[in-house]
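The file data.cif comes next; it holds mmCIF, C-alpha atoms and all ligand atoms.
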data_upload
loop_
_atom_site.label_atom_id
_atom_site.label_comp_id
_atom_site.auth_asym_id
_atom_site.auth_seq_id
_atom_site.Cartn_x
_atom_site.Cartn_y
_atom_site.Cartn_z
CA MET X 1 14.59 64.01 67.85
CA THR X 2 14.20 63.09 71.52
CA THR X 3 14.50 66.15 73.74
CA LEU X 4 15.90 66.16 77.25
CA THR X 5 12.37 66.93 78.50
CA ASP X 6 11.04 63.81 76.73
CA ILE X 7 13.81 61.68 78.18
CA ARG X 8 13.35 63.06 81.69
CA SER X 9 9.61 62.39 81.54
CA ALA X 10 10.40 58.68 81.09
CA TYR X 11 12.01 58.51 84.56
CA PRO X 12 9.33 58.62 87.28
CA ALA X 13 11.94 58.77 90.07
CA LEU X 14 12.79 62.30 88.94
CA ARG X 15 9.30 63.46 89.90
CA GLN X 16 10.04 63.74 93.61
CA THR X 17 11.51 66.12 96.09
CA ILE X 18 14.30 65.17 98.47
CA ASN X 19 14.73 67.27 101.60
CA GLY X 20 12.45 69.91 100.08
CA HIS X 21 14.30 70.14 96.73
CA PRO X 22 13.48 68.55 93.39
CA LEU X 23 15.73 65.48 93.09
CA THR X 24 19.00 66.04 91.23
CA TYR X 25 20.34 62.57 90.47
CA LEU X 26 24.10 62.53 89.90
CA ASP X 27 24.92 58.94 90.86
CA SER X 28 24.35 57.00 87.63
CA ALA X 29 27.81 55.44 87.71
CA ALA X 30 26.69 53.65 90.89
CA THR X 31 23.32 52.75 89.42
CA ALA X 32 21.07 54.37 86.83
CA LEU X 33 17.47 55.46 87.33
CA LYS X 34 14.90 53.14 85.76
CA PRO X 35 12.80 54.36 82.81
CA THR X 36 9.07 53.61 82.52
CA PRO X 37 9.44 51.02 79.70
CA VAL X 38 11.68 48.93 81.98
CA ILE X 39 9.30 49.26 84.92
CA GLU X 40 6.37 48.33 82.67
CA ALA X 41 8.11 45.35 81.06
CA VAL X 42 9.08 43.92 84.45
CA THR X 43 5.67 44.66 85.95
CA ALA X 44 3.85 43.08 83.00
CA TYR X 45 5.91 39.91 83.32
CA LEU X 46 5.30 39.72 87.08
CA ARG X 47 1.60 40.58 86.78
CA GLU X 48 0.65 38.46 83.77
CA ASN X 49 3.19 35.68 83.73
CA GLY X 50 5.84 35.01 86.38
CA ALA X 51 6.70 31.59 84.91
CA SER X 52 10.21 30.18 84.67
CA VAL X 53 11.94 29.54 81.36
CA HIS X 54 13.08 26.50 79.36
CA ARG X 55 11.08 24.08 81.52
CA SER X 56 7.37 23.63 81.08
CA VAL X 57 5.46 23.48 77.81
CA HIS X 58 2.44 25.47 78.99
CA THR X 59 1.68 28.80 77.37
CA LEU X 60 2.92 31.02 80.19
CA ALA X 61 6.25 29.20 80.32
CA GLU X 62 6.63 29.43 76.57
CA ARG X 63 5.87 33.15 76.65
CA ALA X 64 8.41 33.63 79.45
CA THR X 65 11.05 31.71 77.46
CA GLU X 66 10.33 33.79 74.37
CA ALA X 67 10.67 37.05 76.32
CA TYR X 68 13.87 35.88 78.05
CA GLU X 69 15.49 34.81 74.78
CA ALA X 70 14.28 37.97 73.03
CA ALA X 71 16.09 39.98 75.74
CA ARG X 72 19.25 38.01 75.05
CA ALA X 73 18.92 38.84 71.34
CA ASP X 74 18.35 42.53 72.23
CA VAL X 75 21.55 42.57 74.28
CA ALA X 76 23.50 40.77 71.53
CA ARG X 77 22.39 43.39 68.99
CA PHE X 78 23.15 46.21 71.43
CA ILE X 79 26.78 45.13 71.90
CA GLY X 80 27.35 44.00 68.31
CA ALA X 81 27.70 40.31 69.21
CA ALA X 82 27.49 37.96 66.24
CA ALA X 83 25.05 35.57 67.94
CA PRO X 84 22.75 35.59 71.01
CA GLU X 85 24.48 32.39 72.19
CA THR X 86 27.58 34.45 73.01
CA VAL X 87 25.57 36.41 75.60
CA VAL X 88 25.33 34.86 79.08
CA PHE X 89 22.97 36.21 81.73
CA THR X 90 24.66 36.62 85.11
CA ARG X 91 23.93 38.65 88.26
CA GLY X 92 26.14 41.51 87.15
CA ALA X 93 29.63 42.56 86.11
CA THR X 94 31.15 41.14 89.30
CA GLU X 95 29.72 37.68 88.69
CA SER X 96 30.67 37.84 85.00
CA LEU X 97 34.30 38.62 85.85
CA ASN X 98 34.37 35.88 88.48
CA LEU X 99 32.99 33.44 85.93
CA VAL X 100 35.93 34.22 83.63
CA ALA X 101 38.39 34.07 86.55
CA TYR X 102 37.13 30.75 87.91
CA GLY X 103 35.84 29.10 84.75
CA TYR X 104 38.51 30.19 82.29
CA ALA X 105 41.64 31.66 83.90
CA ARG X 106 42.08 29.15 86.72
CA ARG X 107 41.99 26.36 84.14
CA HIS X 108 44.31 27.97 81.60
CA LEU X 109 46.98 29.81 83.61
CA ALA X 110 50.10 28.29 85.13
CA PRO X 111 53.12 29.43 87.21
CA GLY X 112 55.16 32.01 85.31
CA ASP X 113 52.17 33.26 83.30
CA GLU X 114 51.28 36.93 83.62
CA ILE X 115 48.00 38.77 84.01
CA LEU X 116 48.14 42.38 82.85
CA LEU X 117 46.03 44.93 84.74
CA THR X 118 45.94 48.65 85.40
CA PRO X 119 45.86 50.36 88.81
CA ALA X 120 42.56 51.95 87.75
CA GLU X 121 40.59 48.70 87.90
CA HIS X 122 37.45 48.39 90.02
CA HIS X 123 37.89 45.74 92.72
CA SER X 124 35.60 43.49 90.69
CA ASN X 125 38.19 43.44 87.91
CA LEU X 126 41.13 43.12 90.28
CA VAL X 127 40.39 40.87 93.26
CA PRO X 128 39.29 37.90 91.06
CA TRP X 129 42.68 38.09 89.26
CA GLN X 130 44.50 38.15 92.59
CA GLN X 131 42.64 34.96 93.42
CA VAL X 132 43.60 33.44 90.06
CA ALA X 133 47.24 34.38 90.68
CA LEU X 134 47.12 32.76 94.14
CA ALA X 135 45.56 29.59 92.76
CA THR X 136 47.71 29.17 89.65
CA GLY X 137 51.06 30.77 90.47
CA ALA X 138 50.53 33.36 87.73
CA ARG X 139 51.83 36.88 88.38
CA LEU X 140 49.94 40.18 88.31
CA VAL X 141 51.64 42.88 86.23
CA TYR X 142 50.34 46.46 86.41
CA VAL X 143 50.68 48.88 83.49
CA GLU X 144 51.36 52.26 85.06
CA LEU X 145 49.10 55.17 84.13
CA GLU X 146 50.17 58.49 82.67
CA PRO X 147 50.30 61.36 85.21
CA ASP X 148 46.80 62.50 84.13
CA GLY X 149 45.38 58.97 84.54
CA GLN X 150 45.28 57.97 80.89
CA LEU X 151 46.50 54.57 79.77
CA SER X 152 49.09 54.83 77.03
CA LEU X 153 49.37 52.17 74.35
CA GLU X 154 53.15 52.48 74.60
CA ALA X 155 53.01 51.45 78.25
CA VAL X 156 50.71 48.53 77.40
CA ARG X 157 53.02 47.45 74.59
CA ALA X 158 56.05 47.61 76.91
CA ALA X 159 54.32 45.55 79.61
CA LEU X 160 53.16 42.78 77.26
CA SER X 161 55.37 39.77 76.64
CA GLU X 162 55.03 36.17 75.57
CA ARG X 163 54.37 35.43 79.26
CA THR X 164 51.17 37.52 79.21
CA ARG X 165 48.24 35.10 79.09
CA LEU X 166 45.43 37.48 80.04
CA VAL X 167 44.80 41.23 79.91
CA ALA X 168 42.00 42.54 82.15
CA VAL X 169 41.18 46.17 81.57
CA THR X 170 38.28 48.52 82.10
CA GLN X 171 36.98 50.32 79.03
CA ALA X 172 35.94 53.35 81.08
CA SER X 173 37.21 54.23 84.55
CA ASN X 174 34.59 54.75 87.26
CA VAL X 175 36.81 57.37 88.93
CA LEU X 176 39.04 59.01 86.32
CA GLY X 177 36.41 59.13 83.57
CA THR X 178 39.07 57.94 81.11
CA ILE X 179 38.16 55.83 78.10
CA ASN X 180 40.78 53.21 77.34
CA PRO X 181 41.68 52.22 73.75
CA VAL X 182 40.43 48.68 74.18
CA ALA X 183 40.43 47.70 70.49
CA GLU X 184 44.11 48.62 70.17
CA ILE X 185 44.92 46.90 73.47
CA ALA X 186 43.18 43.76 72.19
CA ARG X 187 45.22 43.89 68.99
CA LEU X 188 48.49 44.15 70.94
CA ALA X 189 47.45 41.47 73.43
CA HIS X 190 46.36 39.03 70.74
CA ALA X 191 49.70 39.49 68.99
CA VAL X 192 51.37 37.88 72.04
CA GLY X 193 48.62 35.26 72.35
CA ALA X 194 46.88 36.78 75.40
CA VAL X 195 43.15 36.71 76.06
CA VAL X 196 41.43 40.07 76.62
CA VAL X 197 38.79 40.61 79.30
CA VAL X 198 37.05 43.98 79.15
CA ASP X 199 35.20 45.44 82.12
CA GLY X 200 32.38 47.26 80.37
CA ALA X 201 30.48 48.25 83.53
CA GLN X 202 31.03 51.97 82.89
CA SER X 203 31.33 51.91 79.11
CA VAL X 204 28.31 49.92 77.92
CA PRO X 205 25.82 52.37 79.52
CA HIS X 206 27.60 55.42 78.09
CA LEU X 207 29.26 54.56 74.76
CA PRO X 208 28.41 52.59 71.64
CA VAL X 209 30.20 49.30 72.34
CA ASP X 210 30.72 46.75 69.58
CA VAL X 211 32.40 43.56 70.76
CA THR X 212 33.07 42.47 67.18
CA ALA X 213 34.95 45.69 66.43
CA LEU X 214 36.75 45.57 69.81
CA ASP X 215 37.63 41.92 69.18
CA CYS X 216 37.73 41.31 72.94
CA ASP X 217 37.49 37.73 74.19
CA PHE X 218 35.16 38.58 77.07
CA LEU X 219 33.10 41.64 78.03
CA ALA X 220 31.37 42.02 81.40
CA PHE X 221 28.73 44.54 82.43
CA SER X 222 25.77 45.09 84.75
CA GLY X 223 22.17 45.75 83.78
CA HIS X 224 21.41 48.12 86.65
CA LYS X 225 23.79 50.78 85.34
CA LEU X 226 21.82 50.73 82.06
CA GLY X 227 18.41 51.25 83.69
CA ALA X 228 17.51 47.58 84.27
CA PRO X 229 16.83 46.17 87.75
CA THR X 230 19.71 45.07 89.98
CA GLY X 231 20.69 41.40 89.91
CA ILE X 232 21.04 41.00 86.14
CA GLY X 233 24.19 41.36 84.07
CA ILE X 234 26.00 40.03 81.07
CA LEU X 235 29.08 38.10 80.18
CA TYR X 236 29.80 38.20 76.48
CA GLY X 237 32.37 35.67 75.27
CA LYS X 238 33.69 34.63 71.88
CA PRO X 239 32.23 31.20 71.06
CA GLU X 240 35.62 29.48 71.32
CA ARG X 241 36.34 31.14 74.69
CA LEU X 242 32.96 30.11 76.09
CA GLU X 243 33.67 26.54 74.93
CA GLU X 244 36.94 26.67 76.92
CA THR X 245 35.20 28.04 80.05
CA GLU X 246 33.87 25.78 82.80
CA PRO X 247 30.61 26.68 84.54
CA LEU X 248 30.61 28.40 87.92
CA LEU X 249 27.25 27.01 89.00
CA PHE X 250 26.40 23.34 88.64
CA GLY X 251 22.84 22.04 88.84
CA GLY X 252 19.56 22.33 86.99
CA GLU X 253 19.28 23.67 83.46
CA MET X 254 23.01 23.72 82.68
CA ILE X 255 23.38 20.02 81.92
CA GLN X 256 23.05 17.86 78.86
CA LEU X 257 23.06 14.46 80.55
CA VAL X 258 23.30 13.52 84.21
CA GLU X 259 24.35 10.05 85.26
CA ARG X 260 24.89 8.81 88.82
CA GLU X 261 28.59 9.59 88.84
CA ARG X 262 29.12 12.21 86.15
CA SER X 263 27.40 14.74 83.91
CA THR X 264 27.90 16.60 80.68
CA TRP X 265 27.11 20.25 80.08
CA ALA X 266 24.65 21.97 77.80
CA ASP X 267 26.06 24.25 75.12
CA PRO X 268 26.69 27.91 75.99
CA PRO X 269 24.95 30.03 77.13
CA ALA X 270 22.79 27.47 79.03
CA LYS X 271 25.98 25.87 80.41
CA PHE X 272 26.54 29.02 82.50
CA GLU X 273 22.95 29.63 83.58
CA GLY X 274 22.43 26.92 86.20
CA GLY X 275 19.27 27.23 88.30
CA THR X 276 16.13 29.26 87.73
CA PRO X 277 17.35 32.51 86.23
CA ASN X 278 16.37 36.11 86.89
CA VAL X 279 13.69 36.19 84.20
CA ALA X 280 12.23 39.53 85.33
CA GLY X 281 15.70 41.09 85.34
CA ALA X 282 16.52 39.81 81.86
CA ILE X 283 13.22 41.16 80.51
CA GLY X 284 13.99 44.49 82.20
CA LEU X 285 17.45 44.53 80.64
CA GLY X 286 15.97 43.90 77.19
CA ALA X 287 13.64 46.86 77.70
CA ALA X 288 16.53 49.02 78.99
CA VAL X 289 18.68 48.43 75.91
CA ARG X 290 15.74 49.06 73.57
CA PHE X 291 15.07 52.32 75.40
CA LEU X 292 18.71 53.42 75.01
CA GLU X 293 18.69 52.36 71.34
CA GLY X 294 15.65 54.61 70.92
CA ILE X 295 17.74 57.57 72.06
CA GLY X 296 20.77 56.28 70.15
CA MET X 297 24.04 55.39 71.85
CA ALA X 298 25.99 57.93 69.80
CA THR X 299 23.64 60.61 71.18
CA VAL X 300 23.98 59.23 74.73
CA ALA X 301 27.79 59.25 74.42
CA ALA X 302 27.98 62.79 73.07
CA HIS X 303 25.56 64.02 75.74
CA ASP X 304 27.44 62.36 78.65
CA ARG X 305 30.79 63.53 77.36
CA GLU X 306 29.60 67.11 76.97
CA LEU X 307 28.19 67.17 80.50
CA ALA X 308 31.31 65.59 82.02
CA GLU X 309 33.74 67.87 80.22
CA GLU X 310 31.70 70.95 81.11
CA ALA X 311 31.47 69.74 84.72
CA TYR X 312 35.25 69.30 84.78
CA ARG X 313 35.78 72.85 83.48
CA ARG X 314 33.36 74.39 85.96
CA LEU X 315 34.61 72.45 88.97
CA ALA X 316 38.29 72.95 88.18
CA ALA X 317 37.66 76.71 88.13
CA ILE X 318 36.36 76.74 91.72
CA ASP X 319 38.96 77.65 94.31
CA GLY X 320 39.87 74.70 96.56
CA VAL X 321 38.31 72.04 94.31
CA ARG X 322 40.48 69.31 92.83
CA VAL X 323 39.14 67.25 89.93
CA TYR X 324 40.71 63.90 89.02
CA GLY X 325 41.58 62.50 85.61
CA PRO X 326 42.08 64.33 82.32
CA PRO X 327 39.81 67.25 81.31
CA ALA X 328 38.93 65.44 78.06
CA PRO X 329 37.99 63.10 76.57
CA ARG X 330 35.93 61.64 79.35
CA THR X 331 32.93 59.50 79.99
CA GLY X 332 29.98 60.74 82.03
CA LEU X 333 31.48 61.41 85.44
CA VAL X 334 33.73 63.69 87.50
CA ALA X 335 35.46 62.69 90.71
CA PHE X 336 36.53 65.60 92.91
CA ASN X 337 37.53 66.74 96.37
CA ILE X 338 36.96 69.99 98.20
CA GLU X 339 40.00 71.07 100.16
CA GLY X 340 39.64 70.40 103.88
CA VAL X 341 36.28 68.59 103.61
CA HIS X 342 35.85 64.81 103.78
CA PRO X 343 33.98 63.54 100.71
CA HIS X 344 31.35 61.87 102.90
CA ASP X 345 30.59 65.28 104.40
CA VAL X 346 30.38 66.70 100.86
CA ALA X 347 27.82 64.04 99.94
CA GLN X 348 25.87 64.80 103.11
CA VAL X 349 25.60 68.51 102.31
CA PHE X 350 24.61 67.65 98.73
CA ASP X 351 21.88 65.34 100.03
CA ALA X 352 20.49 68.14 102.17
CA GLU X 353 20.20 70.10 98.89
CA GLY X 354 18.38 67.17 97.19
CA ILE X 355 21.46 66.21 95.15
CA ALA X 356 22.53 62.56 95.04
CA ILE X 357 26.26 62.03 94.54
CA ARG X 358 28.62 59.26 95.61
CA ALA X 359 31.53 59.52 98.06
CA GLY X 360 34.11 56.91 98.99
CA HIS X 361 36.88 54.86 97.44
CA HIS X 362 34.55 53.75 94.61
CA CYS X 363 35.78 50.14 94.96
CA ALA X 364 39.13 51.30 93.58
CA GLN X 365 41.51 51.42 96.55
CA PRO X 366 44.71 50.96 94.49
CA LEU X 367 43.61 53.90 92.34
CA MET X 368 42.89 56.01 95.44
CA ARG X 369 46.46 55.25 96.59
CA TRP X 370 47.75 56.22 93.13
CA LEU X 371 45.84 59.51 93.40
CA GLY X 372 47.17 60.01 96.93
CA VAL X 373 43.72 60.30 98.53
CA ALA X 374 41.59 58.07 100.74
CA ALA X 375 38.36 58.88 98.95
CA THR X 376 36.69 61.30 96.55
CA ALA X 377 33.25 62.67 95.86
CA ARG X 378 31.85 61.78 92.43
CA ALA X 379 29.09 63.19 90.26
CA SER X 380 28.02 60.98 87.38
CA PHE X 381 25.55 61.50 84.58
CA GLY X 382 22.85 59.66 82.69
CA PRO X 383 20.70 60.49 79.68
CA TYR X 384 18.27 62.33 82.00
CA ASN X 385 20.82 64.90 83.21
CA GLY X 386 21.13 68.35 81.70
CA PRO X 387 22.62 71.81 82.24
CA ASP X 388 20.38 72.40 85.31
CA ASP X 389 22.10 69.46 86.98
CA LEU X 390 25.51 71.05 86.36
CA ASP X 391 24.20 74.21 88.01
CA ALA X 392 23.02 72.06 90.95
CA LEU X 393 26.48 70.44 91.15
CA VAL X 394 28.17 73.83 91.39
CA ARG X 395 25.51 75.00 93.86
CA GLY X 396 26.23 71.92 96.02
CA ILE X 397 29.94 72.66 96.05
CA LEU X 398 29.42 76.30 96.97
CA ALA X 399 26.96 75.25 99.71
CA THR X 400 29.54 72.77 101.07
CA LYS X 401 32.26 75.39 101.08
CA ARG X 402 29.96 77.87 102.84
CA TYR X 403 28.90 75.28 105.40
CA PHE X 404 32.43 74.25 106.29
CA SER X 405 33.94 77.73 106.28
CA ARG X 406 31.21 78.67 108.79
CA GLY X 407 31.95 75.57 110.87
CA SER X 408 35.68 76.16 110.98
CA ARG X 409 35.46 79.73 112.18
N1 LIG V 1 33.52 47.58 87.16
C1 LIG V 1 33.32 48.90 87.24
C2 LIG V 1 34.22 49.82 86.45
C3 LIG V 1 32.30 49.42 88.02
O1 LIG V 1 32.13 50.75 88.09
C4 LIG V 1 31.47 48.51 88.74
C5 LIG V 1 30.40 49.02 89.62
O2 LIG V 1 30.47 50.06 90.22
C6 LIG V 1 31.72 47.14 88.62
C7 LIG V 1 32.75 46.71 87.83
C8 LIG V 1 30.92 46.14 89.37
O3 LIG V 1 29.57 46.15 89.02
P1 LIG V 1 28.49 45.34 89.87
O4 LIG V 1 28.65 45.77 91.30
O5 LIG V 1 27.18 45.75 89.28
O6 LIG V 1 28.78 43.89 89.67
#

Whole structure given in structure tokens:
Amino acid sequence: MTTLTDIRSAYPALRQTINGHPLTYLDSAATALKPTPVIEAVTAYLRENGASVHRSVHTLAERATEAYEAARADVARFIGAAAPETVVFTRGATESLNLVAYGYARRHLAPGDEILLTPAEHHSNLVPWQQVALATGARLVYVELEPDGQLSLEAVRAALSERTRLVAVTQASNVLGTINPVAEIARLAHAVGAVVVVDGAQSVPHLPVDVTALDCDFLAFSGHKLGAPTGIGILYGKPERLEETEPLLFGGEMIQLVERERSTWADPPAKFEGGTPNVAGAIGLGAAVRFLEGIGMATVAAHDRELAEEAYRRLAAIDGVRVYGPPAPRTGLVAFNIEGVHPHDVAQVFDAEGIAIRAGHHCAQPLMRWLGVAATARASFGPYNGPDDLDALVRGILATKRYFSRGSR
């Protein structure tokens, strides 16, 4: 069994002090720390290879192509996709969702059609659909959340109709910590003929995700939240959906035949990977998913949930602290506010204590409005966090309260 000490030793960034304190990293929902196998895989490619893929026949290029395609197969296995060809490399969740919005939805939606969303969506799974609505005349319909932030299947069922063409929903909220019943939502949506787009940015790093079991049409996520470098992400699509999707980028590598006046496209996934891709990032992502598989995603999920639920309990018990979302079940984060203190000031005091947390609207302004706040602080967990980090979180809150009660006297 892999112990927390073993896991922590794989993350070199943890071996540093910040402002005189050992680093406590509680910002994994923004981006995860990078484990040594990822750093080594990327470094080895850059040091010993550096070639592009799918182009030249020389040995380095062939090795690069093998490594790139092996990473695609790793990701496919990790998310339970039936074939590597259903896995498209993109820059991240945002690009993946835009690819679906531009390449699929703008071609398939018409005036009177409806796009179903929730107010808890990250801007990356909201603004592209606004753009689709503007371009096609389709209408955005929001399923309202329960008072504790959960999404009820009853509400989803009531909002769906034969006009619903597309449902875009996050599997795990980056603010509320809620986990949405995506498989059931997909079943309901498919019954009215709608296509289901899942934002997996916060779920894929924290939960076992199986696209075949979910039966979603598309799933988007980012590599950097899994421990890979920034600038690499994934769009999974069912083969028939990818066939129906137009590319976002036109140019080299994505074509079958180019004539003077017109061209035809390569089969997916190449059709969506125009230009020289992020080979180093893809190799890093392959290493990141293998590293997480080594721990086991069921173990990761149980660990994150335990930390988040314990954090919720401990924070909710502190006078003047408000925690958002339901106490349980939750994914690995807690968003909170300290009465009378701006979240940016909270994050500043935490930083002085060597604790990295996030403060702001978390790219979820409609959700902030729903919560009735402008911003929150947020602590989020990764496989390298443990009970000491919860102690640090509480210590940070008490330090903030002390600091501001002194200041206000
Ligand atoms: N969706 C959710 C729920 C997120 O939390 C994020 C990132 O914070 C994104 C989408 C966008 O991810 P990226 O900025 O890596 O494209």

Counting all atoms listed in the file, which residues of chain X fall within 8 Å of ligand LIG 1 (chain V), and what is the closest atom pair for each with its distance in Å at one decimal, ordered by chain and rising number, as a Markdown table?
| residue | atom | partner | partner_atom | distance |
| --- | --- | --- | --- | --- |
| X:Ala29 | CA | V:LIG1 | O1 | 6.4 |
| X:Ala30 | CA | V:LIG1 | O2 | 5.3 |
| X:Thr31 | CA | V:LIG1 | O2 | 7.7 |
| X:Arg91 | CA | V:LIG1 | O6 | 7.3 |
| X:Gly92 | CA | V:LIG1 | O6 | 4.4 |
| X:Ala93 | CA | V:LIG1 | O6 | 3.9 |
| X:Thr94 | CA | V:LIG1 | O6 | 3.6 |
| X:Glu95 | CA | V:LIG1 | O6 | 6.4 |
| X:Ser96 | CA | V:LIG1 | O6 | 7.9 |
| X:Glu121 | CA | V:LIG1 | C2 | 6.6 |
| X:His122 | CA | V:LIG1 | N1 | 4.9 |
| X:His123 | CA | V:LIG1 | C7 | 7.2 |
| X:Ser124 | CA | V:LIG1 | C7 | 5.2 |
| X:Asn125 | CA | V:LIG1 | N1 | 6.3 |
| X:Thr170 | CA | V:LIG1 | C2 | 6.1 |
| X:Gln171 | CA | V:LIG1 | C2 | 7.9 |
| X:Ala172 | CA | V:LIG1 | C2 | 6.7 |
| X:Ser173 | CA | V:LIG1 | C2 | 5.7 |
| X:Asn174 | CA | V:LIG1 | O1 | 4.8 |
| X:Asp199 | CA | V:LIG1 | N1 | 5.7 |
| X:Gly200 | CA | V:LIG1 | C2 | 6.8 |
| X:Ala201 | CA | V:LIG1 | C1 | 4.7 |
| X:Gln202 | CA | V:LIG1 | C2 | 5.2 |
| X:Phe221 | CA | V:LIG1 | O3 | 6.8 |
| X:Ser222 | CA | V:LIG1 | O5 | 4.8 |
| X:Gly223 | CA | V:LIG1 | O5 | 7.4 |
| X:His224 | CA | V:LIG1 | O5 | 6.8 |
| X:Lys225 | CA | V:LIG1 | O5 | 7.2 |
| X:Thr230 | CA | V:LIG1 | O5 | 7.5 |
| X:Gly231 | CA | V:LIG1 | O5 | 7.8 |
| X:Gly233 | CA | V:LIG1 | O5 | 7.4 |
| X:His362 | CA | V:LIG1 | O2 | 7.0 |
| X:Cys363 | CA | V:LIG1 | O2 | 7.1 |

- Query: Counting all atoms listed in the file, which of X:Gly251, X:Tyr104, X:Arg77, X:Val167 gets nearest to Ser263 of chain X?
  - Reply: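 The shortest atom-to-atom distance to Ser263 of chain X comes from X:Gly251.
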
- Item | Interatomic distance (Å, one decimal) between atom CA of Leu151 of chain X and atom CA of Ala335 of chain X |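 These atoms are spaced 17.5 Å apart.
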
- Spatial neighbours of Gln130 of chain X, 12 Å, all atoms listed in the file, chain gap at least 2 places, as a list in words: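 Returned residues: Asn98, Ala101, Tyr102, Ala105, Arg106, Glu114, Ile115, Leu116, Leu117, His123, Ser124, Asn125, Leu126, Val127, Pro128, Val132, Ala133, Leu134, Ala135, Thr136, Gly137, Ala138, Arg139, Leu140, Val141, Tyr142 and Ala168 of chain X.
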
- Message: From the options X:Glu69, X:Asp6, X:Glu40, X:Asp74, which residue's atoms come nearest to Pro229 of chain X, counting only C-alpha atoms?
- Response: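 Of the candidates, the smallest distance to Pro229 of chain X is held by X:Glu40.
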
- Message: Please list as a list of chain:residue names every residue within 10 Å of Tyr312 of chain X, counting all atoms listed in the file and excluding residues in the same chain fewer than 2 positions away.
- Response: X:Glu306, X:Leu307, X:Ala308, X:Glu309, X:Glu310, X:Arg314, X:Leu315, X:Ala316, X:Ala317, X:Arg322, X:Val323, X:Tyr324, X:Gly325, X:Pro326, X:Pro327, X:Ala328, X:Arg330, X:Leu333, X:Val334, X:Ala335, X:Phe336

- With all atoms listed in the file as the basis for distance, which of X:Ala76, X:Ile318, X:Val204, X:Arg8 is at the shortest distance from Leu23 of chain X? X:Arg8

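Atom pair atom CA of Thr2 of chain X / atom CA of Arg378 of chain X: separated by 27.4 Å.
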
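Using all atoms listed in the file, the protein and nucleic acid residues lying no more than 12 Å from Arg369 of chain X, apart from those fewer than 6 places from it along its own chain, are Pro119, Ala120, His361, Cys363, Ala375 and Thr376 of chain X.
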